[in-house]
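Report on the following structure.
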Amino acid sequence: MHEPGEVPVTVVPDRTLRVKIIDACGLACTFCHNEGTPVTADNLGREAGEFTGTPGRSGRVSIYLRTNGADFLPTRIKADPDFALALAAVRGSVTTNEVHFTGGEPTLHPDLPGLIAIARRLGVTVGLTSNGENGAAILPECAAAGLDRINLSVFGTTPEELAAVQAPRLASPKLAERKLAALAATIEAATKHGVQVSANIVIADTTHVERVLRIIEEHGRSVVVRMLVSLEDDGASLAAMQEVVDHLGAIPERRIVTAGASDQRTRYRLPDGRTMYAKSIRPVRLPSTCADCRFNNDRDCHEGYYGLRLYRAKDGPFMVGVCIQRMDLCVPLGYFVMSQVCREVASFREHEMDRLMALHRASSGLV
């Protein structure tokens, strides 16, 4: 992609908490990390150390489960006082102004509006990442509860493209056709009810360029498109992004860097005035926690330090994690807020903000 110095830079602070609210999902994408956790439905009755790293009956599995040391099963988070207290505890220890719901598939949660309402009462904005399979049914209530934005994961525009990245049990063009129709209905519902919509497209290599161009053509007039680098990128993903940019004649307008997390993106303007983003990963590490990690090298660390994640363990406490490749670092919430890691995260966020603002002072500005 374009060199950092070619466009103005905006530095924004990481103030987001990702919350895995449900493990269920109606798709079984072969590239899913499932927030680092085992698929609960396929591991009931198993203990830590026995969780399967291969797809079970659901067809789903986290791509990192075989090596990440996950030792708990995630359960659905209820919209209750326990959740409110958990959010308040995180906010009290690490500055948080946004909660981002993930899964599984968040729109399958039976009380998603209730979770949104709790977060909004605590004074934070709410977003979610979704494949759109149930959005049309639940988004009107979510919008009324205060949902700010939805990031839709989009792989293709045809049933064959979607089916191609599903586990064999779900690799049916007919099923994929229904899922694509649900996605379109979700976009329509979100737009109608004032929820910001973006389409996230993972692009693995140049063989996916034509697919991505079709997605941009079909969805790019109603939503903001964001190309995402593959987490297992060896350079091919970034090269493919650049090919898309060049083909479209997109002009880079601004580079946005998140201080205290590995997220960075470049905003492009297309010739017809539309906006598109290309998102990649900065090599960010927590100074102490990541120092001796076995994945701490240019080859094995896929995501870097991406931010805090909150889970609820089945028959157990809320858990806080700092890495989906090192789920052994997840600890109970009560322990986390008193831990050195919590203080390290809070300090790292602020120091990164100061460092990056100084580095890019000539062109930076908070947005």
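Chain lettering (A, B, ...) mirrors the order of the structure tokens, residue numbering begins at 1 for each chain separately, and ligand numbering begins at 1 in order of display.
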*asked:* What parts of segment 190-320 of chain A does DSSP call strand (DSSP E)? I'd like the answer as a ChimeraX atom specification.
replied: /A:196-203,224-229,251-259,263-269,275-281,308-312,318-320
Write out the residues from the selection above, keeping C-alpha atoms, as a PDB file, in the first residue's frame.
```
ATOM      1  CA  GLN A 196     -24.319   3.398  10.061  1.00  0.00           C
ATOM      2  CA  VAL A 197     -23.360   0.492   7.808  1.00  0.00           C
ATOM      3  CA  SER A 198     -20.005  -0.681   6.508  1.00  0.00           C
ATOM      4  CA  ALA A 199     -19.137  -3.776   4.505  1.00  0.00           C
ATOM      5  CA  ASN A 200     -15.978  -5.581   5.647  1.00  0.00           C
ATOM      6  CA  ILE A 201     -14.250  -7.623   2.942  1.00  0.00           C
ATOM      7  CA  VAL A 202     -11.257  -9.834   3.738  1.00  0.00           C
ATOM      8  CA  ILE A 203      -9.029 -10.082   0.676  1.00  0.00           C
ATOM      9  CA  VAL A 224     -18.993   2.222   3.111  1.00  0.00           C
ATOM     10  CA  VAL A 225     -16.682  -0.577   1.956  1.00  0.00           C
ATOM     11  CA  ARG A 226     -13.677  -1.566   4.057  1.00  0.00           C
ATOM     12  CA  MET A 227     -11.112  -3.996   2.655  1.00  0.00           C
ATOM     13  CA  LEU A 228      -9.445  -5.991   5.440  1.00  0.00           C
ATOM     14  CA  VAL A 229      -6.047  -7.634   5.294  1.00  0.00           C
ATOM     15  CA  ILE A 251      -7.039   8.440  -4.308  1.00  0.00           C
ATOM     16  CA  PRO A 252      -5.713   8.130  -0.722  1.00  0.00           C
ATOM     17  CA  GLU A 253      -7.065  10.982   1.426  1.00  0.00           C
ATOM     18  CA  ARG A 254      -6.035  10.138   4.969  1.00  0.00           C
ATOM     19  CA  ARG A 255      -4.337   7.446   7.026  1.00  0.00           C
ATOM     20  CA  ILE A 256      -5.998   6.732  10.373  1.00  0.00           C
ATOM     21  CA  VAL A 257      -3.888   5.079  13.068  1.00  0.00           C
ATOM     22  CA  THR A 258      -5.305   3.752  16.338  1.00  0.00           C
ATOM     23  CA  ALA A 259      -2.983   4.515  19.234  1.00  0.00           C
ATOM     24  CA  ASP A 263      -5.558  -1.226  13.790  1.00  0.00           C
ATOM     25  CA  GLN A 264      -4.742   1.177  10.983  1.00  0.00           C
ATOM     26  CA  ARG A 265      -6.634   2.120   7.836  1.00  0.00           C
ATOM     27  CA  THR A 266      -6.360   4.382   4.812  1.00  0.00           C
ATOM     28  CA  ARG A 267      -9.369   6.316   3.548  1.00  0.00           C
ATOM     29  CA  TYR A 268      -9.699   6.539  -0.231  1.00  0.00           C
ATOM     30  CA  ARG A 269     -11.893   8.632  -2.482  1.00  0.00           C
ATOM     31  CA  THR A 275     -15.399   6.597   0.132  1.00  0.00           C
ATOM     32  CA  MET A 276     -13.556   3.312   0.628  1.00  0.00           C
ATOM     33  CA  TYR A 277     -11.174   2.119   3.339  1.00  0.00           C
ATOM     34  CA  ALA A 278      -8.271  -0.329   3.328  1.00  0.00           C
ATOM     35  CA  LYS A 279      -7.516  -1.728   6.775  1.00  0.00           C
ATOM     36  CA  SER A 280      -4.256  -3.392   7.777  1.00  0.00           C
ATOM     37  CA  ILE A 281      -2.358  -4.381  10.909  1.00  0.00           C
ATOM     38  CA  LEU A 308      -9.363  -5.789  25.107  1.00  0.00           C
ATOM     39  CA  ARG A 309     -11.997  -8.505  24.719  1.00  0.00           C
ATOM     40  CA  LEU A 310     -14.683  -9.511  27.217  1.00  0.00           C
ATOM     41  CA  TYR A 311     -16.186 -13.022  27.392  1.00  0.00           C
ATOM     42  CA  ARG A 312     -18.464 -14.975  29.709  1.00  0.00           C
ATOM     43  CA  PHE A 318     -16.629 -12.906  32.925  1.00  0.00           C
ATOM     44  CA  MET A 319     -13.180 -13.196  31.346  1.00  0.00           C
ATOM     45  CA  VAL A 320     -10.900 -10.548  29.846  1.00  0.00           C
TER      46      VAL A 320
END
```
At most 12 Å is the cut-off: for each residue in segment 189-308 of chain A with any atom that close to an atom of segment 333-349 of chain A, write down the nearest atom pair and the distance in Å rounded to one decimal, counting only C-alpha atoms, chain first then increasing number, as CSV.
```
residue,atom,partner,partner_atom,distance
A:Thr258,CA,A:Arg349,CA,9.4
A:Ala259,CA,A:Arg349,CA,6.2
A:Gly260,CA,A:Arg349,CA,4.1
A:Ala261,CA,A:Arg349,CA,7.7
A:Ser262,CA,A:Arg349,CA,11.2
A:Val284,CA,A:Phe348,CA,10.5
A:Arg285,CA,A:Phe348,CA,9.5
A:Leu286,CA,A:Phe348,CA,7.1
A:Pro287,CA,A:Phe348,CA,7.8
A:Ser288,CA,A:Glu344,CA,7.7
A:Thr289,CA,A:Val341,CA,7.1
A:Cys290,CA,A:Val341,CA,10.5
A:Tyr305,CA,A:Val345,CA,9.8
A:Tyr306,CA,A:Val345,CA,10.9
A:Gly307,CA,A:Val345,CA,8.4
A:Leu308,CA,A:Val345,CA,8.6
```
For the residues in that selection, give me N, CA and C atoms as an mmCIF file, in the first residue's frame.
```
data_model
loop_
_atom_site.group_PDB
_atom_site.id
_atom_site.type_symbol
_atom_site.label_atom_id
_atom_site.label_comp_id
_atom_site.auth_asym_id
_atom_site.auth_seq_id
_atom_site.Cartn_x
_atom_site.Cartn_y
_atom_site.Cartn_z
ATOM 1 N N THR A 258 -4.760 3.881 14.987
ATOM 2 C CA THR A 258 -5.305 3.752 16.338
ATOM 3 C C THR A 258 -4.172 3.598 17.329
ATOM 4 N N ALA A 259 -4.033 4.555 18.219
ATOM 5 C CA ALA A 259 -2.983 4.515 19.234
ATOM 6 C C ALA A 259 -3.362 3.520 20.321
ATOM 7 N N GLY A 260 -2.453 2.605 20.627
ATOM 8 C CA GLY A 260 -2.716 1.626 21.664
ATOM 9 C C GLY A 260 -3.309 0.342 21.151
ATOM 10 N N ALA A 261 -3.382 0.162 19.829
ATOM 11 C CA ALA A 261 -3.879 -1.077 19.226
ATOM 12 C C ALA A 261 -3.296 -1.180 17.824
ATOM 13 N N SER A 262 -3.416 -2.351 17.205
ATOM 14 C CA SER A 262 -2.736 -2.601 15.933
ATOM 15 C C SER A 262 -3.519 -2.147 14.715
ATOM 16 N N VAL A 284 2.063 -4.020 16.563
ATOM 17 C CA VAL A 284 1.996 -3.445 17.911
ATOM 18 C C VAL A 284 2.082 -4.560 18.961
ATOM 19 N N ARG A 285 2.850 -4.327 19.992
ATOM 20 C CA ARG A 285 3.015 -5.308 21.070
ATOM 21 C C ARG A 285 2.883 -4.605 22.420
ATOM 22 N N LEU A 286 2.279 -5.277 23.395
ATOM 23 C CA LEU A 286 2.329 -4.784 24.762
ATOM 24 C C LEU A 286 3.756 -4.950 25.271
ATOM 25 N N PRO A 287 4.316 -3.928 25.893
ATOM 26 C CA PRO A 287 5.752 -3.947 26.224
ATOM 27 C C PRO A 287 6.194 -5.132 27.071
ATOM 28 N N SER A 288 5.417 -5.495 28.086
ATOM 29 C CA SER A 288 5.816 -6.592 28.970
ATOM 30 C C SER A 288 5.141 -7.905 28.602
ATOM 31 N N THR A 289 3.827 -7.883 28.442
ATOM 32 C CA THR A 289 3.070 -9.114 28.203
ATOM 33 C C THR A 289 3.517 -9.825 26.933
ATOM 34 N N CYS A 290 3.824 -9.065 25.893
ATOM 35 C CA CYS A 290 4.174 -9.674 24.604
ATOM 36 C C CYS A 290 5.665 -9.968 24.467
ATOM 37 N N TYR A 305 -1.230 -6.545 19.135
ATOM 38 C CA TYR A 305 -2.145 -6.229 20.239
ATOM 39 C C TYR A 305 -3.301 -5.422 19.674
ATOM 40 N N TYR A 306 -4.491 -6.017 19.654
ATOM 41 C CA TYR A 306 -5.644 -5.414 18.977
ATOM 42 C C TYR A 306 -6.592 -4.710 19.944
ATOM 43 N N GLY A 307 -6.453 -4.988 21.244
ATOM 44 C CA GLY A 307 -7.333 -4.374 22.230
ATOM 45 C C GLY A 307 -7.917 -5.402 23.180
ATOM 46 N N LEU A 308 -8.768 -4.929 24.088
ATOM 47 C CA LEU A 308 -9.363 -5.789 25.107
ATOM 48 C C LEU A 308 -10.612 -6.500 24.587
#
```
*asked:* According to DSSP computed on the backbone, where in segment 46-274 of chain A is there alpha helix (DSSP H)? Give the residues as a PyMOL selection string.
replied: chain A and resi 81-93+112-121+135-145+159-163+173-192+209-219+236-248
Go ahead and save the residues from that selection, with C-alpha atoms, as a PDB file, in the first residue's frame.
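Printed below is result_9.pdb as written:
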```pdb
ATOM      1  CA  PRO A  81     -27.203  -6.493  36.066  1.00  0.00           C
ATOM      2  CA  ASP A  82     -24.167  -8.811  35.935  1.00  0.00           C
ATOM      3  CA  PHE A  83     -23.373  -7.561  32.442  1.00  0.00           C
ATOM      4  CA  ALA A  84     -23.863  -3.945  33.507  1.00  0.00           C
ATOM      5  CA  LEU A  85     -21.486  -4.466  36.425  1.00  0.00           C
ATOM      6  CA  ALA A  86     -18.922  -6.139  34.162  1.00  0.00           C
ATOM      7  CA  LEU A  87     -18.956  -3.211  31.740  1.00  0.00           C
ATOM      8  CA  ALA A  88     -18.715  -0.740  34.598  1.00  0.00           C
ATOM      9  CA  ALA A  89     -15.755  -2.641  36.039  1.00  0.00           C
ATOM     10  CA  VAL A  90     -13.859  -2.514  32.739  1.00  0.00           C
ATOM     11  CA  ARG A  91     -14.678   1.182  32.283  1.00  0.00           C
ATOM     12  CA  GLY A  92     -13.496   1.885  35.802  1.00  0.00           C
ATOM     13  CA  SER A  93     -10.084   0.376  35.111  1.00  0.00           C
ATOM     14  CA  LEU A 112     -29.498  -7.870  21.626  1.00  0.00           C
ATOM     15  CA  PRO A 113     -31.532  -4.654  22.124  1.00  0.00           C
ATOM     16  CA  GLY A 114     -31.320  -5.212  25.882  1.00  0.00           C
ATOM     17  CA  LEU A 115     -27.526  -5.479  25.758  1.00  0.00           C
ATOM     18  CA  ILE A 116     -27.339  -2.322  23.663  1.00  0.00           C
ATOM     19  CA  ALA A 117     -29.581  -0.448  26.094  1.00  0.00           C
ATOM     20  CA  ILE A 118     -27.380  -1.423  29.041  1.00  0.00           C
ATOM     21  CA  ALA A 119     -24.243  -0.194  27.278  1.00  0.00           C
ATOM     22  CA  ARG A 120     -25.894   3.062  26.262  1.00  0.00           C
ATOM     23  CA  ARG A 121     -27.073   3.715  29.833  1.00  0.00           C
ATOM     24  CA  GLY A 135     -30.406  -8.276  11.027  1.00  0.00           C
ATOM     25  CA  ALA A 136     -33.648  -7.388   9.276  1.00  0.00           C
ATOM     26  CA  ALA A 137     -35.666  -8.945  12.108  1.00  0.00           C
ATOM     27  CA  ILE A 138     -33.830  -7.362  15.022  1.00  0.00           C
ATOM     28  CA  LEU A 139     -32.261  -4.105  13.795  1.00  0.00           C
ATOM     29  CA  PRO A 140     -35.350  -1.906  14.216  1.00  0.00           C
ATOM     30  CA  GLU A 141     -35.343  -2.668  17.962  1.00  0.00           C
ATOM     31  CA  CYS A 142     -31.552  -2.345  18.095  1.00  0.00           C
ATOM     32  CA  ALA A 143     -31.704   1.083  16.479  1.00  0.00           C
ATOM     33  CA  ALA A 144     -34.348   2.168  18.975  1.00  0.00           C
ATOM     34  CA  ALA A 145     -32.111   0.934  21.813  1.00  0.00           C
ATOM     35  CA  PRO A 159     -24.112 -18.045  -3.728  1.00  0.00           C
ATOM     36  CA  GLU A 160     -21.132 -19.886  -5.206  1.00  0.00           C
ATOM     37  CA  GLU A 161     -18.651 -17.383  -3.755  1.00  0.00           C
ATOM     38  CA  LEU A 162     -20.140 -17.628  -0.267  1.00  0.00           C
ATOM     39  CA  ALA A 163     -20.485 -21.424  -0.408  1.00  0.00           C
ATOM     40  CA  PRO A 173     -25.439 -22.623  -2.946  1.00  0.00           C
ATOM     41  CA  LYS A 174     -29.128 -22.700  -1.960  1.00  0.00           C
ATOM     42  CA  LEU A 175     -28.302 -21.956   1.670  1.00  0.00           C
ATOM     43  CA  ALA A 176     -25.802 -19.310   0.573  1.00  0.00           C
ATOM     44  CA  GLU A 177     -28.470 -17.688  -1.586  1.00  0.00           C
ATOM     45  CA  ARG A 178     -30.731 -17.338   1.464  1.00  0.00           C
ATOM     46  CA  LYS A 179     -27.861 -15.882   3.502  1.00  0.00           C
ATOM     47  CA  LEU A 180     -27.104 -13.315   0.797  1.00  0.00           C
ATOM     48  CA  ALA A 181     -30.764 -12.311   0.666  1.00  0.00           C
ATOM     49  CA  ALA A 182     -30.695 -11.882   4.460  1.00  0.00           C
ATOM     50  CA  LEU A 183     -27.594  -9.708   4.147  1.00  0.00           C
ATOM     51  CA  ALA A 184     -29.313  -7.435   1.628  1.00  0.00           C
ATOM     52  CA  ALA A 185     -32.341  -7.161   3.912  1.00  0.00           C
ATOM     53  CA  THR A 186     -30.063  -6.269   6.833  1.00  0.00           C
ATOM     54  CA  ILE A 187     -28.439  -3.458   4.848  1.00  0.00           C
ATOM     55  CA  GLU A 188     -31.875  -2.115   3.945  1.00  0.00           C
ATOM     56  CA  ALA A 189     -33.118  -2.294   7.547  1.00  0.00           C
ATOM     57  CA  ALA A 190     -30.006  -0.644   8.978  1.00  0.00           C
ATOM     58  CA  THR A 191     -30.130   2.188   6.455  1.00  0.00           C
ATOM     59  CA  LYS A 192     -33.838   2.734   7.013  1.00  0.00           C
ATOM     60  CA  VAL A 209      -9.557  -9.113  -6.734  1.00  0.00           C
ATOM     61  CA  GLU A 210     -12.437  -9.693  -9.166  1.00  0.00           C
ATOM     62  CA  ARG A 211     -14.680 -10.844  -6.312  1.00  0.00           C
ATOM     63  CA  VAL A 212     -13.875  -7.737  -4.278  1.00  0.00           C
ATOM     64  CA  LEU A 213     -14.504  -5.454  -7.239  1.00  0.00           C
ATOM     65  CA  ARG A 214     -17.959  -7.038  -7.704  1.00  0.00           C
ATOM     66  CA  ILE A 215     -18.763  -6.495  -4.020  1.00  0.00           C
ATOM     67  CA  ILE A 216     -17.726  -2.846  -4.227  1.00  0.00           C
ATOM     68  CA  GLU A 217     -19.879  -2.399  -7.306  1.00  0.00           C
ATOM     69  CA  GLU A 218     -22.928  -4.072  -5.736  1.00  0.00           C
ATOM     70  CA  HIS A 219     -22.761  -2.739  -2.185  1.00  0.00           C
ATOM     71  CA  ALA A 236      -0.164 -11.232  -0.801  1.00  0.00           C
ATOM     72  CA  SER A 237      -3.159  -9.634   0.897  1.00  0.00           C
ATOM     73  CA  LEU A 238      -1.668  -6.127   0.848  1.00  0.00           C
ATOM     74  CA  ALA A 239      -0.665  -6.585  -2.782  1.00  0.00           C
ATOM     75  CA  ALA A 240      -4.234  -7.558  -3.645  1.00  0.00           C
ATOM     76  CA  MET A 241      -5.581  -4.479  -1.859  1.00  0.00           C
ATOM     77  CA  GLN A 242      -3.241  -2.307  -3.892  1.00  0.00           C
ATOM     78  CA  GLU A 243      -4.446  -3.942  -7.114  1.00  0.00           C
ATOM     79  CA  VAL A 244      -8.054  -3.086  -6.214  1.00  0.00           C
ATOM     80  CA  VAL A 245      -7.098   0.492  -5.397  1.00  0.00           C
ATOM     81  CA  ASP A 246      -5.202   0.885  -8.657  1.00  0.00           C
ATOM     82  CA  HIS A 247      -8.001  -0.655 -10.721  1.00  0.00           C
ATOM     83  CA  LEU A 248     -10.566   1.715  -9.224  1.00  0.00           C
TER      84      LEU A 248
END
```
*Identify which of the residues A:Thr158, A:Thr207, A:Ser153, A:Thr16 lies closest to Cys29 of chain A, counting only C-alpha atoms when measuring atom-to-atom distances.*
A:Ser153
*Fewer than 3 positions away in the same chain doesn't count, so skip those; otherwise give me all residues within 10 Å of Leu27 of chain A, counting only C-alpha atoms, as a ChimeraX atom specification.*
/A:24,30,32,58-60,104-105,131,133,162-163,165-167,169-171,175-176,179
_Å distance separating atom CA of Cys301 of chain A from atom CA of Pro13 of chain A, one decimal place_ = 22.1 Å
_Nearby residues (only C-alpha atoms) at most 12 Å from Phe72 of chain A, same-chain spacing under 5 positions excluded, as a ChimeraX atom specification_ = /A:36-40,43-51,65,311-321,327-332
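Between atom CA of Arg294 of chain A and atom CA of Leu231 of chain A lies a distance of 17.3 Å.
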